[in-house]
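Below is input10.csv, holding CSV, C-alpha atoms and all ligand atoms.
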chain,number,residue,atom,x,y,z
E,1,MET,CA,-7.3,-27.5,-9.3
E,2,THR,CA,-4.1,-28.6,-7.4
E,3,ARG,CA,-4.9,-26.9,-4.1
E,4,SER,CA,-2.9,-27.2,-0.9
E,5,SER,CA,-4.4,-27.7,2.6
E,6,VAL,CA,-3.6,-24.0,3.3
E,7,THR,CA,-6.3,-22.9,0.7
E,8,THR,CA,-8.8,-25.7,1.5
E,9,PRO,CA,-11.5,-24.8,4.0
E,10,PRO,CA,-11.3,-26.8,7.2
E,11,PRO,CA,-14.2,-29.0,8.2
E,12,GLY,CA,-16.9,-26.8,9.7
E,13,ALA,CA,-15.9,-23.7,7.8
E,14,GLY,CA,-18.9,-21.4,7.2
E,15,ARG,CA,-20.2,-19.7,4.1
E,16,LEU,CA,-19.8,-16.0,3.7
E,17,GLN,CA,-23.1,-14.3,3.4
E,18,ALA,CA,-23.9,-11.3,1.2
E,19,ALA,CA,-23.3,-8.3,3.4
E,20,PRO,CA,-26.3,-6.0,4.2
E,21,GLY,CA,-25.7,-2.9,2.1
E,22,GLY,CA,-23.3,-4.7,-0.2
E,23,PRO,CA,-23.5,-4.5,-4.0
E,24,ALA,CA,-26.9,-5.7,-5.4
E,25,PRO,CA,-26.9,-8.6,-7.9
E,26,GLY,CA,-26.1,-7.3,-11.3
E,27,SER,CA,-24.1,-4.3,-10.0
E,28,PRO,CA,-20.9,-3.2,-11.6
E,29,LEU,CA,-18.0,-3.0,-9.1
E,30,GLY,CA,-16.0,0.1,-9.2
E,31,SER,CA,-12.2,0.3,-8.7
E,32,HIS,CA,-11.1,0.4,-5.1
E,33,TYR,CA,-8.2,2.7,-6.0
E,34,GLY,CA,-7.5,4.5,-9.2
E,35,ASP,CA,-3.8,3.7,-9.2
E,36,CYS,CA,-4.3,-0.1,-8.5
E,37,PHE,CA,-2.4,-2.3,-10.9
E,38,GLY,CA,-5.4,-4.6,-11.1
E,39,CYS,CA,-8.5,-2.4,-11.4
E,40,GLY,CA,-7.3,1.3,-11.4
E,41,GLU,CA,-8.4,3.4,-14.3
E,42,ARG,CA,-5.4,5.7,-13.9
E,43,HIS,CA,-2.8,3.0,-14.1
E,44,PRO,CA,-1.0,3.3,-17.5
E,45,THR,CA,-0.2,-0.4,-18.0
E,46,GLY,CA,-2.4,-2.1,-15.4
E,47,LEU,CA,-5.0,-4.8,-16.0
E,48,HIS,CA,-8.0,-2.5,-16.0
E,49,LEU,CA,-10.3,-5.2,-14.7
E,50,ARG,CA,-13.9,-4.4,-15.1
E,51,ALA,CA,-16.1,-6.4,-12.8
E,52,THR,CA,-19.7,-7.1,-11.9
E,53,THR,CA,-21.4,-9.3,-9.4
E,54,PRO,CA,-24.1,-11.5,-10.9
E,55,ASP,CA,-25.5,-12.6,-7.6
E,56,GLY,CA,-23.9,-10.5,-4.8
E,57,LEU,CA,-21.7,-13.4,-3.8
E,58,THR,CA,-19.4,-14.0,-6.8
E,59,VAL,CA,-17.6,-11.7,-9.2
E,60,VAL,CA,-17.1,-11.9,-13.0
E,61,ALA,CA,-14.5,-9.7,-14.7
E,62,GLU,CA,-12.7,-9.3,-18.0
E,63,PHE,CA,-9.1,-8.6,-18.6
E,64,THR,CA,-7.6,-8.2,-22.1
E,65,VAL,CA,-3.9,-9.1,-22.3
E,66,GLY,CA,-1.9,-6.2,-23.7
E,67,GLU,CA,1.6,-5.6,-25.0
E,68,ALA,CA,2.7,-4.5,-21.5
E,69,HIS,CA,1.7,-7.8,-20.0
E,70,GLN,CA,4.0,-10.1,-22.0
E,71,GLY,CA,6.5,-12.6,-20.6
E,72,ALA,CA,7.5,-14.7,-23.7
E,73,PRO,CA,7.0,-12.7,-26.9
E,74,GLY,CA,3.3,-12.6,-27.7
E,75,LEU,CA,2.3,-14.4,-24.5
E,76,ALA,CA,1.0,-13.2,-21.1
E,77,HIS,CA,3.5,-13.2,-18.2
E,78,GLY,CA,2.6,-15.8,-15.6
E,79,GLY,CA,2.9,-13.2,-12.8
E,80,VAL,CA,0.5,-10.9,-14.6
E,81,LEU,CA,-2.0,-13.7,-14.8
E,82,ALA,CA,-1.5,-14.4,-11.1
E,83,ALA,CA,-2.2,-10.7,-10.5
E,84,ALA,CA,-5.4,-10.9,-12.4
E,85,MET,CA,-6.4,-13.9,-10.2
E,86,ASP,CA,-5.5,-12.0,-7.1
E,87,GLU,CA,-7.5,-9.0,-8.2
E,88,VAL,CA,-10.7,-10.8,-9.1
E,89,ILE,CA,-10.5,-12.8,-5.8
E,90,GLY,CA,-9.8,-9.6,-3.9
E,91,MET,CA,-12.9,-8.0,-5.5
E,92,SER,CA,-15.0,-11.0,-4.5
E,93,VAL,CA,-14.0,-10.8,-0.9
E,94,TRP,CA,-14.6,-7.1,-1.0
E,95,LEU,CA,-18.3,-8.0,-1.6
E,96,PHE,CA,-18.4,-8.9,2.1
E,97,GLN,CA,-17.7,-5.3,3.1
E,98,ARG,CA,-14.8,-6.2,5.4
E,99,PRO,CA,-11.1,-5.6,4.6
E,100,TYR,CA,-9.0,-8.6,3.7
E,101,VAL,CA,-5.5,-9.1,2.2
E,102,THR,CA,-4.0,-11.9,0.3
E,103,GLY,CA,-2.1,-14.4,2.6
E,104,ARG,CA,-1.5,-17.1,0.0
E,105,LEU,CA,-2.2,-17.4,-3.7
E,106,GLU,CA,-1.8,-20.7,-5.6
E,107,THR,CA,-2.0,-20.7,-9.4
E,108,ASP,CA,-2.3,-23.4,-12.1
E,109,TYR,CA,-1.5,-22.4,-15.7
E,110,LEU,CA,-3.3,-24.7,-18.1
E,111,ALA,CA,-2.7,-23.0,-21.4
E,112,PRO,CA,-0.6,-20.1,-22.8
E,113,VAL,CA,-2.6,-16.9,-23.2
E,114,PRO,CA,-1.7,-14.8,-26.3
E,115,VAL,CA,-1.6,-11.0,-26.3
E,116,GLY,CA,-5.0,-9.7,-27.4
E,117,THR,CA,-6.9,-12.5,-25.6
E,118,THR,CA,-9.7,-11.5,-23.3
E,119,LEU,CA,-9.7,-13.5,-20.2
E,120,HIS,CA,-13.1,-14.0,-18.6
E,121,LEU,CA,-12.5,-14.2,-14.9
E,122,ARG,CA,-14.8,-15.6,-12.2
E,123,ALA,CA,-14.1,-15.8,-8.4
E,124,TRP,CA,-16.1,-17.3,-5.5
E,125,CYS,CA,-15.7,-18.0,-1.8
E,126,THR,CA,-15.5,-21.7,-0.7
E,127,GLY,CA,-15.5,-21.1,3.1
E,128,VAL,CA,-14.7,-18.8,6.0
E,129,SER,CA,-13.2,-19.7,9.3
E,130,GLY,CA,-12.4,-16.9,11.8
E,131,ARG,CA,-10.3,-14.3,10.0
E,132,LYS,CA,-9.5,-16.7,7.1
E,133,ALA,CA,-11.5,-16.7,3.9
E,134,TYR,CA,-11.0,-19.4,1.3
E,135,LEU,CA,-11.5,-18.4,-2.3
E,136,GLU,CA,-11.1,-19.7,-5.9
E,137,ALA,CA,-11.0,-18.2,-9.3
E,138,GLU,CA,-10.7,-19.2,-13.0
E,139,GLY,CA,-9.9,-17.4,-16.2
E,140,ARG,CA,-11.4,-18.7,-19.5
E,141,ALA,CA,-10.0,-17.6,-22.8
E,142,GLY,CA,-12.1,-15.8,-25.3
E,143,SER,CA,-15.6,-16.2,-23.8
E,144,PRO,CA,-17.2,-17.1,-20.5
E,145,ASP,CA,-17.5,-20.7,-21.9
E,146,GLY,CA,-14.0,-20.8,-23.3
E,147,PRO,CA,-11.3,-23.1,-22.2
E,148,VAL,CA,-9.9,-22.6,-18.7
E,149,ALA,CA,-6.4,-21.1,-19.1
E,150,VAL,CA,-5.6,-20.3,-15.5
E,151,ARG,CA,-7.0,-21.3,-12.1
E,152,ALA,CA,-6.2,-20.1,-8.6
E,153,ALA,CA,-7.0,-20.9,-4.9
E,154,ALA,CA,-6.3,-18.4,-2.2
E,155,LEU,CA,-6.3,-17.7,1.5
E,156,PHE,CA,-7.3,-14.2,2.4
E,157,ILE,CA,-6.9,-12.8,6.0
E,158,GLU,CA,-9.3,-10.3,7.4
E,159,VAL,CA,-7.4,-7.2,8.7
E,160,GLY,CA,-8.6,-3.9,10.2
E,161,MET,CA,-8.4,-0.8,8.1
E,162,GLU,CA,-5.5,0.2,10.4
E,163,HIS,CA,-3.5,-2.3,8.3
E,164,PHE,CA,-3.7,0.0,5.3
E,165,ALA,CA,-3.3,3.2,7.4
E,166,ARG,CA,-0.2,1.8,9.1
E,167,HIS,CA,1.5,0.3,6.1
E,168,GLY,CA,0.1,2.4,3.3
E,169,ASP,CA,-1.2,5.8,2.3
E,170,ALA,CA,-4.1,6.5,4.7
E,171,LYS,CA,-5.0,9.7,3.0
E,172,ALA,CA,-5.4,8.1,-0.4
E,173,ILE,CA,-7.6,5.3,1.1
E,174,ALA,CA,-9.8,7.9,2.8
E,175,ASP,CA,-10.0,10.0,-0.4
E,176,GLU,CA,-11.0,7.0,-2.6
E,177,HIS,CA,-12.4,4.3,-0.5
E,178,HIS,CA,-15.5,5.2,1.4
E,179,GLU,CA,-17.0,1.8,2.2
E,180,TYR,CA,-14.8,1.3,5.2
E,181,GLU,CA,-13.9,3.3,8.2
E,182,VAL,CA,-10.2,4.2,7.8
E,183,ASN,CA,-9.5,4.8,11.5
E,184,PRO,CA,-12.0,2.6,13.3
E,201,LIG,C1,-8.6,-1.4,0.5
E,201,LIG,C2,-8.8,-2.7,-0.3
E,201,LIG,C3,-7.5,-3.4,-0.6
E,201,LIG,C4,-7.6,-4.6,-1.5
E,201,LIG,C5,-6.4,-5.5,-1.5
E,201,LIG,C6,-6.4,-6.6,-2.6
E,201,LIG,C7,-5.6,-7.9,-2.2
E,201,LIG,C8,-4.1,-7.6,-2.1
E,201,LIG,O1,-3.4,-7.5,-3.1
E,201,LIG,S1,-3.4,-7.6,-0.6
E,201,LIG,C9,-1.6,-7.3,-0.9
E,201,LIG,C10,-0.8,-8.6,-0.7
E,201,LIG,N1,-0.9,-9.1,0.7
E,201,LIG,C11,-0.2,-8.5,1.7
E,201,LIG,O2,0.4,-7.5,1.6
E,201,LIG,C12,-0.3,-9.1,3.0
E,201,LIG,C13,1.0,-9.2,3.8
E,201,LIG,N2,0.9,-10.0,5.0
E,201,LIG,C14,0.5,-9.4,6.1
E,201,LIG,O3,0.2,-8.2,6.3
E,201,LIG,C15,0.3,-10.4,7.3
E,201,LIG,O4,1.1,-11.5,7.2
E,201,LIG,C16,-1.2,-10.8,7.5
E,201,LIG,C17,-2.1,-9.6,7.7
E,201,LIG,C18,-1.7,-11.6,6.2
E,201,LIG,C19,-1.4,-11.8,8.6
E,201,LIG,O5,-0.7,-11.2,9.8
E,201,LIG,P1,-1.5,-11.1,11.2
E,201,LIG,O6,-2.6,-10.2,11.1
E,201,LIG,O7,-0.4,-10.8,12.2
E,201,LIG,O8,-2.1,-12.5,11.4
E,201,LIG,P2,-1.4,-13.9,11.7
E,201,LIG,O9,-1.7,-14.3,13.2
E,201,LIG,O10,0.0,-14.0,11.3
E,201,LIG,O11,-2.3,-14.9,10.8
E,201,LIG,C20,-3.7,-15.1,11.0
E,201,LIG,C21,-3.9,-16.5,10.6
E,201,LIG,O12,-3.7,-16.6,9.2
E,201,LIG,C22,-2.7,-17.6,8.9
E,201,LIG,N3,-1.9,-17.2,7.8
E,201,LIG,C23,-1.5,-15.9,7.6
E,201,LIG,N4,-0.7,-15.9,6.4
E,201,LIG,C24,-0.7,-17.1,6.0
E,201,LIG,C25,-0.1,-17.8,4.9
E,201,LIG,N5,0.7,-17.1,4.0
E,201,LIG,N6,-0.2,-19.1,4.7
E,201,LIG,C26,-0.9,-19.8,5.6
E,201,LIG,N7,-1.5,-19.3,6.7
E,201,LIG,C27,-1.4,-18.0,6.9
E,201,LIG,C28,-1.9,-17.7,10.2
E,201,LIG,O13,-1.2,-19.0,10.3
E,201,LIG,C29,-3.0,-17.5,11.3
E,201,LIG,O14,-3.7,-18.8,11.4
E,201,LIG,P3,-4.3,-19.2,12.8
E,201,LIG,O15,-5.3,-18.2,13.2
E,201,LIG,O16,-4.9,-20.5,12.6
E,201,LIG,O17,-3.1,-19.3,13.8
Reformat the file's structure so that it appears as structure tokens.
Amino acid sequence: MTRSSVTTPPPGAGRLQAAPGGPAPGSPLGSHYGDCFGCGERHPTGLHLRATTPDGLTVVAEFTVGEAHQGAPGLAHGGVLAAAMDEVIGMSVWLFQRPYVTGRLETDYLAPVPVGTTLHLRAWCTGVSGRKAYLEAEGRAGSPDGPVAVRAAALFIEVGMEHFARHGDAKAIADEHHEYEVNP
């Protein structure tokens, strides 16, 4: 992975620990919002990521490239693949039961991904330092052992739930997302 210093944990960065009360190993992870482009079941052309955590610390998910996700004819759009990376990384940081947002996302495209391909995604945390969490992800084509088609490294920043209330739709968050206090 070609990763910049921004997405590389600094010396002394800690490891995120599984949060008490977080999803148990083997648990499916639900959508955080039904209209989310990445995981929402109501989104008509979204990625519809379905994810589980095998160990409470990492996330695995699947995304099948559809007609709505094309860039070149018959091939996945690079921005859509970046969105899949962002989503699976966002799900992995969600395991820690604190709200984070993407600050920076770096993506390497290693092979074209044809429509109809199922990408097997995996994301994990490489370190945490203050409000900053360092994460990586990969997408393998066709099976969990298939060739790596896309890789990503990211910096996520911890925010309060007021971030979403101030900038977004607080009522929708409160209605759908019960893990966090919306107005702490
Ligand atoms: C409810 C569940 C929701 C799930 C969401 C899933 C993930 C997403 O898709 S999030 C959507 C996309 N992301 C966004 O919209 C974020 C937009 N950006 C922001 O809101 C702000 O810039 C935010 C919150 C990241 C940082 O702002 P702020 O809280 O003021 O902190 P700030 O002091 O600027 O930065 C904190 C630290 O992070 C660093 N940092 C922040 N952004 C970056 C960046 N892009 N590159 C490098 N470093 C950065 C800062 O340099 C600072 O470092 P240090 O502490 O060493 O000085």
With all atoms listed in the file as the basis for distance, which of E:Arg131, E:Lys171, E:Arg15, E:Arg42 is at the shortest distance from ligand LIG 201 (chain E)?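 Residue with the minimum atom-to-atom distance to ligand LIG 201 (chain E): E:Arg131.
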Near stretch 16-26 of chain E, within 7 Å and counting all atoms listed in the file, which residues show up once chain neighbours fewer than 5 positions away are dropped, as an MDAnalysis selection string? chainID E and resid 52:57 95:97 127:128
If you count only C-alpha atoms and all ligand atoms, which residues end up within 6 Å of ligand LIG 201 (chain E), as a ChimeraX atom specification? /E:6,90,101-104,157,159
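The nearest approach to E:Glu136 among the residues E:Ala165, E:Pro10, E:Val59, E:Phe37, with all atoms listed in the file taken into account, belongs to E:Val59.
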Could you tell me how far atom CA of E:Glu41 sits from atom CA of E:Ile89, in Å to one decimal place?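 Atom CA of E:Glu41 lies 18.4 Å from atom CA of E:Ile89.
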Considering all atoms listed in the file, can you say which of E:Ala72, E:Ala123, E:Ala137, E:Ala152 comes closest to E:Arg3?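 Of E:Ala72, E:Ala123, E:Ala137, E:Ala152, the one nearest E:Arg3, counting all atoms listed in the file, is E:Ala152.
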Report the distance between atom CA of E:Ser129 and atom CA of E:Gly12 in Å, rounded to one decimal place.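 Between atom CA of E:Ser129 and atom CA of E:Gly12 the gap is 8.0 Å.
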Quick check, in Å to one decimal: how far apart do atom CA of E:Asp169 and atom CA of E:Ser27 lie? 27.9 Å
With all atoms listed in the file as the counted atoms, please give the residues lying no more than 10 Å from E:Thr45, apart from itself and same-chain residues fewer than 3 positions off, as a list of chain:residue names. E:Phe37, E:Gly38, E:Gly40, E:Glu41, E:Arg42, E:His48, E:Gly66, E:Glu67, E:Ala68, E:His69
Rank E:Asp35, E:Asp145, E:Glu162, E:Glu87 by their smallest atom-to-atom distance to E:Phe63, using only C-alpha atoms, and report the top residue only.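 Using only C-alpha atoms, E:Phe63 sits closest to E:Glu87.
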Residue with smallest distance to E:Ala153 - pool E:Arg140, E:Tyr134, E:Gly74, E:Val80, counting all atoms listed in the file: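 Smallest distance to E:Ala153 is found for E:Tyr134.
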